[in-house]
file coords.pdb (PDB, C-alpha atoms)
ATOM      1  CA  MET A  16       0.000   0.000   0.000
ATOM      2  CA  SER A  17       2.990   2.279  -0.533
ATOM      3  CA  ASN A  18       1.160   4.150  -3.314
ATOM      4  CA  LEU A  19      -1.395   5.585  -0.889
ATOM      5  CA  ALA A  20      -1.398   9.342  -0.263
ATOM      6  CA  VAL A  21      -1.126   8.667   3.489
ATOM      7  CA  THR A  22       0.988   5.790   4.804
ATOM      8  CA  LEU A  23       1.444   4.090   8.154
ATOM      9  CA  ALA A  24       4.657   6.105   8.621
ATOM     10  CA  ASP A  25       2.655   9.346   8.206
ATOM     11  CA  ILE A  26       0.121   8.162  10.778
ATOM     12  CA  GLU A  27       2.796   7.122  13.270
ATOM     13  CA  GLN A  28       4.469  10.519  12.854
ATOM     14  CA  ALA A  29       1.106  12.201  13.486
ATOM     15  CA  ALA A  30       0.658  10.140  16.659
ATOM     16  CA  ARG A  31       3.982  11.411  17.994
ATOM     17  CA  ARG A  32       3.165  14.992  16.996
ATOM     18  CA  ILE A  33      -0.255  15.208  18.656
ATOM     19  CA  GLU A  34       0.596  13.194  21.776
ATOM     20  CA  GLY A  35      -0.409  15.171  24.852
ATOM     21  CA  ARG A  36      -2.699  17.441  22.844
ATOM     22  CA  ILE A  37      -5.498  14.919  22.304
ATOM     23  CA  VAL A  38      -7.042  12.199  24.457
ATOM     24  CA  SER A  39      -6.251   8.551  23.815
ATOM     25  CA  THR A  40      -9.900   7.601  24.189
ATOM     26  CA  PRO A  41     -11.206   4.484  26.010
ATOM     27  CA  PHE A  42     -12.060   1.199  24.316
ATOM     28  CA  ALA A  43     -14.912  -0.684  25.973
ATOM     29  CA  GLN A  44     -16.432  -4.112  25.390
ATOM     30  CA  SER A  45     -20.179  -4.068  24.698
ATOM     31  CA  VAL A  46     -21.893  -6.999  26.362
ATOM     32  CA  ALA A  47     -25.232  -6.201  24.711
ATOM     33  CA  LEU A  48     -23.864  -5.938  21.174
ATOM     34  CA  SER A  49     -21.593  -8.954  21.611
ATOM     35  CA  GLU A  50     -24.604 -11.037  22.612
ATOM     36  CA  HIS A  51     -26.660  -9.626  19.735
ATOM     37  CA  CYS A  52     -23.973 -10.324  17.116
ATOM     38  CA  GLY A  53     -22.521 -13.548  18.473
ATOM     39  CA  VAL A  54     -18.957 -12.192  18.297
ATOM     40  CA  PRO A  55     -16.971  -9.844  20.577
ATOM     41  CA  VAL A  56     -17.833  -6.199  19.930
ATOM     42  CA  GLY A  57     -15.723  -3.340  21.259
ATOM     43  CA  LEU A  58     -16.623   0.346  21.239
ATOM     44  CA  LYS A  59     -13.981   2.984  20.562
ATOM     45  CA  LEU A  60     -15.342   5.845  22.673
ATOM     46  CA  GLU A  61     -13.976   8.657  20.540
ATOM     47  CA  HIS A  62     -16.897  10.894  21.533
ATOM     48  CA  HIS A  63     -14.976  11.290  24.810
ATOM     49  CA  GLN A  64     -12.403  13.324  22.862
ATOM     50  CA  THR A  65     -11.722  16.854  24.172
ATOM     51  CA  THR A  66     -13.930  18.607  21.600
ATOM     52  CA  GLY A  67     -16.477  15.803  21.488
ATOM     53  CA  SER A  68     -15.366  14.146  18.252
ATOM     54  CA  PHE A  69     -12.466  12.518  16.414
ATOM     55  CA  LYS A  70     -11.901  15.696  14.394
ATOM     56  CA  LEU A  71      -9.461  17.078  16.959
ATOM     57  CA  ARG A  72      -6.851  14.523  15.885
ATOM     58  CA  GLY A  73      -6.691  15.666  12.270
ATOM     59  CA  ALA A  74      -7.088  19.356  13.011
ATOM     60  CA  THR A  75      -4.302  19.302  15.603
ATOM     61  CA  ASN A  76      -1.916  17.438  13.324
ATOM     62  CA  ALA A  77      -2.668  19.837  10.473
ATOM     63  CA  VAL A  78      -2.153  22.984  12.562
ATOM     64  CA  LEU A  79       1.102  21.635  14.018
ATOM     65  CA  SER A  80       2.285  20.845  10.475
ATOM     66  CA  LEU A  81       2.018  24.530   9.483
ATOM     67  CA  THR A  82       4.887  26.981   9.749
ATOM     68  CA  SER A  83       4.756  29.704  12.398
ATOM     69  CA  GLU A  84       4.183  32.240   9.601
ATOM     70  CA  GLU A  85       1.194  30.271   8.312
ATOM     71  CA  ARG A  86      -0.316  29.997  11.776
ATOM     72  CA  ALA A  87       0.117  33.752  12.236
ATOM     73  CA  ARG A  88      -1.970  34.401   9.093
ATOM     74  CA  GLY A  89      -4.895  32.455  10.548
ATOM     75  CA  VAL A  90      -6.593  29.254   9.412
ATOM     76  CA  VAL A  91      -9.912  28.747   7.664
ATOM     77  CA  ALA A  92     -12.149  25.786   6.832
ATOM     78  CA  SER A  93     -15.626  24.763   5.796
ATOM     79  CA  SER A  94     -17.332  22.422   8.243
ATOM     80  CA  THR A  95     -20.502  20.587   9.178
ATOM     81  CA  GLY A  96     -19.636  21.489  12.772
ATOM     82  CA  ASN A  97     -17.196  19.091  14.386
ATOM     83  CA  HIS A  98     -14.155  19.974  12.258
ATOM     84  CA  GLY A  99     -14.857  23.638  12.890
ATOM     85  CA  ARG A 100     -14.937  23.067  16.628
ATOM     86  CA  ALA A 101     -11.740  21.023  16.481
ATOM     87  CA  LEU A 102      -9.909  23.559  14.308
ATOM     88  CA  ALA A 103     -11.008  26.428  16.534
ATOM     89  CA  HIS A 104      -9.615  24.546  19.554
ATOM     90  CA  ALA A 105      -6.365  23.508  17.838
ATOM     91  CA  ALA A 106      -5.731  26.988  16.419
ATOM     92  CA  LYS A 107      -6.341  28.670  19.773
ATOM     93  CA  ALA A 108      -3.982  26.224  21.511
ATOM     94  CA  GLU A 109      -1.181  27.183  19.104
ATOM     95  CA  GLY A 110      -1.794  30.961  19.205
ATOM     96  CA  SER A 111      -3.596  31.136  15.879
ATOM     97  CA  VAL A 112      -7.129  32.236  14.957
ATOM     98  CA  ALA A 113      -9.666  30.183  13.020
ATOM     99  CA  THR A 114     -12.433  31.248  10.657
ATOM    100  CA  ILE A 115     -15.121  28.606  10.110
ATOM    101  CA  CYS A 116     -17.555  28.698   7.185
ATOM    102  CA  MET A 117     -20.721  26.616   7.523
ATOM    103  CA  SER A 118     -24.047  26.168   5.771
ATOM    104  CA  CYS A 119     -27.402  26.938   7.351
ATOM    105  CA  LEU A 120     -27.889  23.181   7.921
ATOM    106  CA  VAL A 121     -25.323  23.082  10.740
ATOM    107  CA  PRO A 122     -27.130  22.781  14.106
ATOM    108  CA  ASP A 123     -27.106  25.864  16.325
ATOM    109  CA  ASN A 124     -25.432  24.025  19.225
ATOM    110  CA  LYS A 125     -22.363  23.346  17.062
ATOM    111  CA  VAL A 126     -22.231  26.921  15.750
ATOM    112  CA  SER A 127     -22.404  28.438  19.246
ATOM    113  CA  GLU A 128     -19.644  26.172  20.551
ATOM    114  CA  ILE A 129     -17.329  27.209  17.709
ATOM    115  CA  ARG A 130     -17.970  30.854  18.556
ATOM    116  CA  ARG A 131     -17.279  30.134  22.243
ATOM    117  CA  LEU A 132     -13.826  28.873  21.293
ATOM    118  CA  GLY A 133     -13.015  32.257  19.765
ATOM    119  CA  ALA A 134     -13.353  31.454  16.078
ATOM    120  CA  SER A 135     -14.925  33.772  13.525
ATOM    121  CA  VAL A 136     -18.071  32.132  12.097
ATOM    122  CA  ARG A 137     -19.616  32.665   8.670
ATOM    123  CA  ILE A 138     -22.916  31.028   7.678
ATOM    124  CA  VAL A 139     -23.005  30.702   3.904
ATOM    125  CA  GLY A 140     -25.509  28.909   1.677
ATOM    126  CA  LYS A 141     -27.327  25.610   2.057
ATOM    127  CA  SER A 142     -24.466  23.157   1.628
ATOM    128  CA  GLN A 143     -20.874  22.568   2.602
ATOM    129  CA  ASP A 144     -19.909  23.070  -1.041
ATOM    130  CA  GLU A 145     -21.359  26.608  -0.923
ATOM    131  CA  ALA A 146     -19.541  27.291   2.341
ATOM    132  CA  GLN A 147     -16.327  26.151   0.641
ATOM    133  CA  VAL A 148     -16.714  28.946  -1.921
ATOM    134  CA  GLU A 149     -16.385  31.454   0.922
ATOM    135  CA  VAL A 150     -13.317  29.593   2.215
ATOM    136  CA  ASP A 151     -11.681  29.875  -1.220
ATOM    137  CA  ARG A 152     -12.426  33.608  -1.281
ATOM    138  CA  LEU A 153     -10.857  34.173   2.142
ATOM    139  CA  VAL A 154      -7.757  32.257   1.098
ATOM    140  CA  ALA A 155      -7.404  34.255  -2.120
ATOM    141  CA  GLU A 156      -8.269  37.709  -0.773
ATOM    142  CA  ASP A 157      -7.194  37.657   2.887
ATOM    143  CA  GLY A 158      -4.328  35.169   2.803
ATOM    144  CA  LEU A 159      -5.826  32.740   5.320
ATOM    145  CA  VAL A 160      -4.463  29.186   5.330
ATOM    146  CA  MET A 161      -7.010  26.485   4.517
ATOM    147  CA  VAL A 162      -7.200  23.393   6.720
ATOM    148  CA  PRO A 163      -9.763  21.184   4.951
ATOM    149  CA  PRO A 164     -12.094  18.981   7.009
ATOM    150  CA  PHE A 165     -10.976  15.751   5.308
ATOM    151  CA  ASP A 166      -9.197  16.016   1.940
ATOM    152  CA  ASN A 167      -5.756  16.780   3.343
ATOM    153  CA  ARG A 168      -2.832  14.458   4.060
ATOM    154  CA  ALA A 169      -2.108  15.866   7.532
ATOM    155  CA  VAL A 170      -5.792  15.656   8.502
ATOM    156  CA  VAL A 171      -6.105  12.053   7.264
ATOM    157  CA  ALA A 172      -2.906  11.059   9.079
ATOM    158  CA  GLY A 173      -4.233  12.573  12.299
ATOM    159  CA  GLN A 174      -7.511  10.684  12.016
ATOM    160  CA  GLY A 175      -5.550   7.511  11.328
ATOM    161  CA  THR A 176      -4.091   7.614  14.843
ATOM    162  CA  LEU A 177      -7.473   6.355  15.994
ATOM    163  CA  GLY A 178      -6.835   3.196  13.978
ATOM    164  CA  LEU A 179      -3.526   2.661  15.768
ATOM    165  CA  GLU A 180      -5.340   2.805  19.104
ATOM    166  CA  ILE A 181      -7.954   0.295  17.919
ATOM    167  CA  VAL A 182      -5.421  -2.387  16.959
ATOM    168  CA  GLU A 183      -3.533  -1.788  20.196
ATOM    169  CA  ALA A 184      -6.716  -2.295  22.242
ATOM    170  CA  MET A 185      -8.048  -5.209  20.117
ATOM    171  CA  PRO A 186      -5.055  -6.916  18.422
ATOM    172  CA  ASP A 187      -7.229  -9.643  16.904
ATOM    173  CA  VAL A 188      -9.820  -7.248  15.438
ATOM    174  CA  ALA A 189     -11.373  -8.631  12.243
ATOM    175  CA  THR A 190     -13.901  -5.921  11.331
ATOM    176  CA  VAL A 191     -13.813  -2.154  11.879
ATOM    177  CA  LEU A 192     -17.007  -0.111  11.452
ATOM    178  CA  VAL A 193     -16.251   3.530  10.702
ATOM    179  CA  PRO A 194     -18.545   6.504   9.991
ATOM    180  CA  LEU A 195     -18.097   7.775   6.437
ATOM    181  CA  SER A 196     -18.585  11.299   5.111
ATOM    182  CA  GLY A 197     -15.767  12.989   3.212
ATOM    183  CA  GLY A 198     -13.564  10.012   4.009
ATOM    184  CA  GLY A 199     -10.888  11.497   6.247
ATOM    185  CA  LEU A 200     -11.639   9.213   9.176
ATOM    186  CA  ALA A 201     -12.354   6.142   7.056
ATOM    187  CA  ALA A 202      -9.234   6.589   4.919
ATOM    188  CA  GLY A 203      -6.956   7.198   7.888
ATOM    189  CA  VAL A 204      -8.298   4.351  10.013
ATOM    190  CA  ALA A 205      -8.269   1.910   7.087
ATOM    191  CA  ALA A 206      -4.682   2.828   6.192
ATOM    192  CA  ALA A 207      -3.601   2.254   9.789
ATOM    193  CA  VAL A 208      -5.348  -1.060  10.450
ATOM    194  CA  LYS A 209      -4.813  -2.650   7.035
ATOM    195  CA  GLU A 210      -1.085  -1.949   7.183
ATOM    196  CA  ARG A 211      -1.040  -3.995  10.377
ATOM    197  CA  SER A 212      -3.222  -6.741   8.825
ATOM    198  CA  PRO A 213      -4.633  -6.552   5.272
ATOM    199  CA  ARG A 214      -7.261  -9.126   6.266
ATOM    200  CA  ILE A 215      -9.077  -6.662   8.537
ATOM    201  CA  ARG A 216     -12.409  -5.742   6.974
ATOM    202  CA  VAL A 217     -13.143  -1.998   7.072
ATOM    203  CA  VAL A 218     -16.749  -0.962   6.451
ATOM    204  CA  GLY A 219     -17.819   2.643   5.887
ATOM    205  CA  LEU A 220     -21.222   3.629   7.285
ATOM    206  CA  THR A 221     -23.320   6.613   6.316
ATOM    207  CA  MET A 222     -26.896   7.856   6.017
ATOM    208  CA  ASP A 223     -29.070   7.200   2.982
ATOM    209  CA  ARG A 224     -29.703  10.949   2.517
ATOM    210  CA  GLY A 225     -27.072  12.571   0.309
ATOM    211  CA  ALA A 226     -24.241  10.081   0.837
ATOM    212  CA  ALA A 227     -21.589  11.812  -1.268
ATOM    213  CA  MET A 228     -18.737   9.314  -0.911
ATOM    214  CA  LYS A 229     -21.005   6.335  -1.623
ATOM    215  CA  GLU A 230     -22.394   7.948  -4.778
ATOM    216  CA  SER A 231     -18.892   8.969  -5.851
ATOM    217  CA  LEU A 232     -17.520   5.461  -5.367
ATOM    218  CA  ASP A 233     -20.432   4.024  -7.334
ATOM    219  CA  ALA A 234     -19.839   6.540 -10.127
ATOM    220  CA  GLY A 235     -16.077   5.975 -10.158
ATOM    221  CA  ARG A 236     -15.354   9.678  -9.690
ATOM    222  CA  PRO A 237     -16.097  12.490  -7.210
ATOM    223  CA  THR A 238     -19.740  13.458  -7.590
ATOM    224  CA  GLN A 239     -21.780  16.353  -6.234
ATOM    225  CA  VAL A 240     -24.947  15.494  -4.304
ATOM    226  CA  GLU A 241     -27.752  17.471  -2.732
ATOM    227  CA  GLU A 242     -27.178  18.004   0.966
ATOM    228  CA  VAL A 243     -30.217  16.988   3.040
ATOM    229  CA  ALA A 244     -30.969  17.353   6.753
ATOM    230  CA  SER A 245     -30.269  14.146   8.704
ATOM    231  CA  LEU A 246     -29.855  12.902  12.253
ATOM    232  CA  ALA A 247     -26.315  12.159  11.078
ATOM    233  CA  ASP A 248     -25.715  15.811  10.161
ATOM    234  CA  SER A 249     -21.945  15.429  10.596
ATOM    235  CA  LEU A 250     -21.910  13.012   7.645
ATOM    236  CA  GLY A 251     -23.428  15.558   5.264
ATOM    237  CA  GLY A 252     -21.644  17.543   2.576
ATOM    238  CA  GLY A 253     -19.796  16.711  -0.608
ATOM    239  CA  ILE A 254     -16.325  15.264  -1.041
ATOM    240  CA  GLY A 255     -15.179  17.950  -3.487
ATOM    241  CA  LEU A 256     -15.094  17.468  -7.237
ATOM    242  CA  ASP A 257     -11.321  18.004  -7.157
ATOM    243  CA  ASN A 258     -10.810  15.532  -4.289
ATOM    244  CA  ALA A 259      -7.112  14.692  -4.158
ATOM    245  CA  VAL A 260      -6.715  12.309  -1.205
ATOM    246  CA  THR A 261      -9.707  10.605   0.367
ATOM    247  CA  PHE A 262     -11.649   9.396  -2.687
ATOM    248  CA  GLU A 263      -8.799   7.232  -3.989
ATOM    249  CA  MET A 264      -7.922   6.013  -0.499
ATOM    250  CA  CYS A 265     -11.513   5.008   0.245
ATOM    251  CA  ARG A 266     -11.786   3.319  -3.136
ATOM    252  CA  ALA A 267      -8.627   1.329  -2.440
ATOM    253  CA  LEU A 268      -9.193   0.496   1.224
ATOM    254  CA  LEU A 269     -12.888   0.204   2.085
ATOM    255  CA  ASP A 270     -14.342  -3.275   1.800
ATOM    256  CA  ASP A 271     -17.942  -2.076   1.805
ATOM    257  CA  VAL A 272     -20.130   0.994   2.304
ATOM    258  CA  ILE A 273     -23.505   0.632   4.019
ATOM    259  CA  LEU A 274     -26.358   3.155   3.930
ATOM    260  CA  LEU A 275     -28.603   3.560   6.974
ATOM    261  CA  SER A 276     -32.078   5.052   7.314
ATOM    262  CA  GLU A 277     -33.035   7.731   9.822
ATOM    263  CA  THR A 278     -35.040   5.102  11.726
ATOM    264  CA  GLU A 279     -31.978   2.852  11.998
ATOM    265  CA  ILE A 280     -29.739   5.727  13.086
ATOM    266  CA  ALA A 281     -32.259   6.721  15.768
ATOM    267  CA  ALA A 282     -32.280   3.119  17.017
ATOM    268  CA  GLY A 283     -28.484   3.247  17.267
ATOM    269  CA  MET A 284     -28.641   6.411  19.361
ATOM    270  CA  ARG A 285     -31.257   4.850  21.653
ATOM    271  CA  HIS A 286     -29.182   1.711  22.130
ATOM    272  CA  ALA A 287     -26.090   3.750  22.967
ATOM    273  CA  TYR A 288     -28.026   5.618  25.647
ATOM    274  CA  ALA A 289     -30.090   2.767  27.099
ATOM    275  CA  LYS A 290     -27.586  -0.101  26.930
ATOM    276  CA  GLU A 291     -24.136   1.512  26.796
ATOM    277  CA  ARG A 292     -24.950   4.621  28.885
ATOM    278  CA  GLU A 293     -23.428   6.873  26.221
ATOM    279  CA  VAL A 294     -24.804  10.066  24.647
ATOM    280  CA  ILE A 295     -23.788  10.191  20.983
ATOM    281  CA  GLU A 296     -24.894  12.125  17.916
ATOM    282  CA  GLY A 297     -26.422  10.437  14.890
ATOM    283  CA  ALA A 298     -23.139  10.258  12.978
ATOM    284  CA  GLY A 299     -21.545   8.496  15.927
ATOM    285  CA  ALA A 300     -24.362   5.935  16.092
ATOM    286  CA  VAL A 301     -24.107   4.501  12.570
ATOM    287  CA  GLY A 302     -21.883   1.589  13.622
ATOM    288  CA  ILE A 303     -24.286   0.480  16.321
ATOM    289  CA  ALA A 304     -27.180   1.029  13.899
ATOM    290  CA  ALA A 305     -25.558  -1.250  11.316
ATOM    291  CA  LEU A 306     -25.081  -4.042  13.843
ATOM    292  CA  LEU A 307     -28.616  -3.795  15.227
ATOM    293  CA  SER A 308     -30.158  -3.803  11.736
ATOM    294  CA  GLY A 309     -28.045  -6.715  10.497
ATOM    295  CA  ARG A 310     -26.699  -4.610   7.633
ATOM    296  CA  VAL A 311     -23.071  -5.637   8.103
ATOM    297  CA  GLY A 312     -23.719  -9.028   6.505
ATOM    298  CA  ARG A 313     -21.179 -11.745   7.220
ATOM    299  CA  MET A 314     -20.126 -11.145  10.778
ATOM    300  CA  GLU A 315     -16.394 -11.582  11.241
ATOM    301  CA  GLY A 316     -15.308 -10.916  14.783
ATOM    302  CA  PRO A 317     -14.005  -9.413  16.896
ATOM    303  CA  VAL A 318     -15.624  -6.147  15.749
ATOM    304  CA  ALA A 319     -14.530  -2.612  16.608
ATOM    305  CA  VAL A 320     -17.158   0.138  16.365
ATOM    306  CA  ILE A 321     -16.100   3.786  16.316
ATOM    307  CA  LEU A 322     -18.439   6.110  18.236
ATOM    308  CA  SER A 323     -17.145   9.220  16.540
ATOM    309  CA  GLY A 324     -18.920  12.137  18.230
ATOM    310  CA  ARG A 325     -21.256  13.370  20.955
ATOM    311  CA  ASN A 326     -22.046  16.916  19.824
ATOM    312  CA  VAL A 327     -25.789  16.452  19.457
ATOM    313  CA  ASP A 328     -28.464  19.011  20.220
ATOM    314  CA  MET A 329     -29.834  17.703  23.504
ATOM    315  CA  ASP A 330     -33.463  18.540  22.689
ATOM    316  CA  LEU A 331     -33.109  16.446  19.542
ATOM    317  CA  HIS A 332     -31.436  13.683  21.532
ATOM    318  CA  ARG A 333     -34.324  13.692  24.003
ATOM    319  CA  ARG A 334     -36.845  13.298  21.163
ATOM    320  CA  VAL A 335     -34.870  10.352  19.806
ATOM    321  CA  ILE A 336     -34.589   8.657  23.191
ATOM    322  CA  ASN A 337     -38.312   9.141  23.743
ATOM    323  CA  GLY A 338     -39.055   7.104  20.638
ATOM    324  CA  GLY A 339     -38.993   9.513  17.714
ATOM    325  CA  VAL A 340     -38.745   7.500  14.473
ATOM    326  CA  ASP A 341     -37.691  10.437  12.291
ATOM    327  CA  PRO A 342     -37.333  13.331  14.769
ATOM    328  CA  LEU A 343     -36.208  15.899  12.183
ATOM    329  CA  ALA A 344     -39.285  15.290  10.036
ATOM    330  CA  GLU A 345     -41.521  15.219  13.096
ATOM    331  CA  ALA A 346     -40.124  18.523  14.357
ATOM    332  CA  ALA A 347     -40.736  20.177  10.975
ATOM    333  CA  ALA A 348     -44.326  18.887  10.718
TER     334      ALA A 348
END

call {"tool": "encode", "arguments": {"input": "coords.pdb", "output": "structure tokens"}}
result
Amino acid sequence: MSNLAVTLADIEQAARRIEGRIVSTPFAQSVALSEHCGVPVGLKLEHHQTTGSFKLRGATNAVLSLTSEERARGVVASSTGNHGRALAHAAKAEGSVATICMSCLVPDNKVSEIRRLGASVRIVGKSQDEAQVEVDRLVAEDGLVMVPPFDNRAVVAGQGTLGLEIVEAMPDVATVLVPLSGGGLAAGVAAAVKERSPRIRVVGLTMDRGAAMKESLDAGRPTQVEEVASLADSLGGGIGLDNAVTFEMCRALLDDVILLSETEIAAGMRHAYAKEREVIEGAGAVGIAALLSGRVGRMEGPVAVILSGRNVDMDLHRRVINGGVDPLAEAAA
């Protein structure tokens, strides 16, 4: 796999670089899911990360990879929320300032947290692609340094450190279930675990509403999709028509991509709360949802499930826990 844009050596270097700046999150066995699946199931509790999601790994590695002059100019990114929060935190920690561009679909709780961390926030358009246009303008006109949410070697390498922690905690892991959006997490984790053992099956999981990477992989090229509101809002957005890193890595490394309905995602969130005692957002629940719904197919164990984030609007979470089948649709009705 030496022809990949991000290698195991890049990921190991990222792990050394970000050590002490991120949390090496817990790995817990799930009795309930193990019994349900008939194989050992472990949960990588990445939602316990400092900023509430895995994004801090990639953002921190990317900011630390910049020169002092680049950090002084300020960093900018488009985001569906969690990358923006992570970049705001990482930039502030290194004496830089972040500007985060987001669409109107990003939940208010994520926007307010980014502002709290001292970042400048710009709400632009109805999709991440439209927000990216504003990022490009700020780079060209104001000289800000772009730190993309996924399509960036330093970001992918940072996310891949999570894969290193999985194989350390579960050396005999056979299947890894990873949330899939732009592919930064999936590409990084797959590169890390498959370098250790090519036999490990890595499955990308996403919602069935505007799944950009899935449609792009099916088409054989990066494809633009309509961005639609979802419980898994963090998985929304395109992958970029000029995608340079994650599309090819996901095409080379992912063994399967599974689409999940809003009902299945809600069931995953309820299970996490009721059985695992964990509060997670919809994007973080897709692995549990896939196991509960039987979508993973042939079950090769042990299985590692990444719970990628917790930054959910708590009113929405309450509606889900109280039995909402499609809470976003119900709230709009």

call {"tool": "closest_residue", "arguments": {"input": "coords.pdb", "among": "A:Gly324, A:Leu159, A:Cys265, A:Lys290", "to": "Ser49 of chain A", "atoms": "only C-alpha atoms"}}
result
A:Lys290

call {"tool": "residues_around", "arguments": {"input": "coords.pdb", "residues": "Asn18 of chain A", "least_positions_apart": "5", "cutoff": "12 Å", "atoms": "only C-alpha atoms", "output": "NGL selection string"}}
result
:A and (23 or 206 or 260 or 263-264 or 267-268)

call {"tool": "atom_distance", "arguments": {"input": "coords.pdb", "atom1": "atom CA of Thr278 of chain A", "atom2": "atom CA of Asp248 of chain A"}}
result
14.3 Å

call {"tool": "closest_residue", "arguments": {"input": "coords.pdb", "among": "A:Glu145, A:Asp157, A:Glu180, A:Glu109", "to": "Phe42 of chain A", "atoms": "only C-alpha atoms"}}
result
A:Glu180

call {"tool": "atom_distance", "arguments": {"input": "coords.pdb", "atom1": "atom CA of Arg325 of chain A", "atom2": "atom CA of Ser308 of chain A"}}
result
21.4 Å

call {"tool": "residues_near_point", "arguments": {"input": "coords.pdb", "point": "(-19.8, -13.9, 15.4)", "cutoff": "6 Å", "atoms": "all atoms listed in the file", "output": "list in words"}}
result
Cys52, Gly53, Val54, Met314, Glu315 and Gly316 of chain A

call {"tool": "atom_distance", "arguments": {"input": "coords.pdb", "atom1": "atom CA of Arg36 of chain A", "atom2": "atom CA of Thr65 of chain A"}}
result
9.1 Å

call {"tool": "resolve_selection", "arguments": {"input": "coords.pdb", "expression": "the PyMOL selection byres ((chain A and resi 150-152) around 10)", "output": "PyMOL selection string"}}
result
chain A and resi 90-93+114-117+137+139+144-149+153-163

call {"tool": "closest_residue", "arguments": {"input": "coords.pdb", "among": "A:Ala87, A:Ala205, A:Ser249, A:Ala319", "to": "Val56 of chain A", "atoms": "only C-alpha atoms"}}
result
A:Ala319

call {"tool": "resolve_selection", "arguments": {"input": "coords.pdb", "expression": "the PyMOL selection byres ((chain A and resi 251) around 8)", "output": "PyMOL selection string"}}
result
chain A and resi 95+143+196+225-227+242-245+247-250+252-253

call {"tool": "closest_residue", "arguments": {"input": "coords.pdb", "among": "A:Met185, A:Ile273, A:Val78, A:Leu179", "to": "Lys209 of chain A", "atoms": "all atoms listed in the file"}}
result
A:Leu179

call {"tool": "resolve_selection", "arguments": {"input": "coords.pdb", "expression": "the PyMOL selection byres ((chain A and resi 259) around 12)", "output": "PDB file with C-alpha atoms, keeping the file's coordinate frame"}}
result
ATOM      1  CA  LEU A  19      -1.395   5.585  -0.889  1.00  0.00           C
ATOM      2  CA  ALA A  20      -1.398   9.342  -0.263  1.00  0.00           C
ATOM      3  CA  VAL A  21      -1.126   8.667   3.489  1.00  0.00           C
ATOM      4  CA  PRO A 163      -9.763  21.184   4.951  1.00  0.00           C
ATOM      5  CA  PHE A 165     -10.976  15.751   5.308  1.00  0.00           C
ATOM      6  CA  ASP A 166      -9.197  16.016   1.940  1.00  0.00           C
ATOM      7  CA  ASN A 167      -5.756  16.780   3.343  1.00  0.00           C
ATOM      8  CA  ARG A 168      -2.832  14.458   4.060  1.00  0.00           C
ATOM      9  CA  VAL A 171      -6.105  12.053   7.264  1.00  0.00           C
ATOM     10  CA  GLY A 197     -15.767  12.989   3.212  1.00  0.00           C
ATOM     11  CA  GLY A 198     -13.564  10.012   4.009  1.00  0.00           C
ATOM     12  CA  GLY A 199     -10.888  11.497   6.247  1.00  0.00           C
ATOM     13  CA  ARG A 236     -15.354   9.678  -9.690  1.00  0.00           C
ATOM     14  CA  PRO A 237     -16.097  12.490  -7.210  1.00  0.00           C
ATOM     15  CA  ILE A 254     -16.325  15.264  -1.041  1.00  0.00           C
ATOM     16  CA  GLY A 255     -15.179  17.950  -3.487  1.00  0.00           C
ATOM     17  CA  LEU A 256     -15.094  17.468  -7.237  1.00  0.00           C
ATOM     18  CA  ASP A 257     -11.321  18.004  -7.157  1.00  0.00           C
ATOM     19  CA  ASN A 258     -10.810  15.532  -4.289  1.00  0.00           C
ATOM     20  CA  VAL A 260      -6.715  12.309  -1.205  1.00  0.00           C
ATOM     21  CA  THR A 261      -9.707  10.605   0.367  1.00  0.00           C
ATOM     22  CA  PHE A 262     -11.649   9.396  -2.687  1.00  0.00           C
ATOM     23  CA  GLU A 263      -8.799   7.232  -3.989  1.00  0.00           C
ATOM     24  CA  MET A 264      -7.922   6.013  -0.499  1.00  0.00           C
ATOM     25  CA  CYS A 265     -11.513   5.008   0.245  1.00  0.00           C
TER      26      CYS A 265
END

call {"tool": "closest_residue", "arguments": {"input": "coords.pdb", "among": "A:Met228, A:Leu48, A:Leu71, A:Val170", "to": "Leu306 of chain A", "atoms": "all atoms listed in the file"}}
result
A:Leu48

call {"tool": "residues_around", "arguments": {"input": "coords.pdb", "residues": "Ala103 of chain A", "least_positions_apart": "4", "cutoff": "9 Å", "atoms": "all atoms listed in the file", "output": "PyMOL selection string"}}
result
chain A and resi 74+90+98-99+107-108+111-115+129-130+132-135
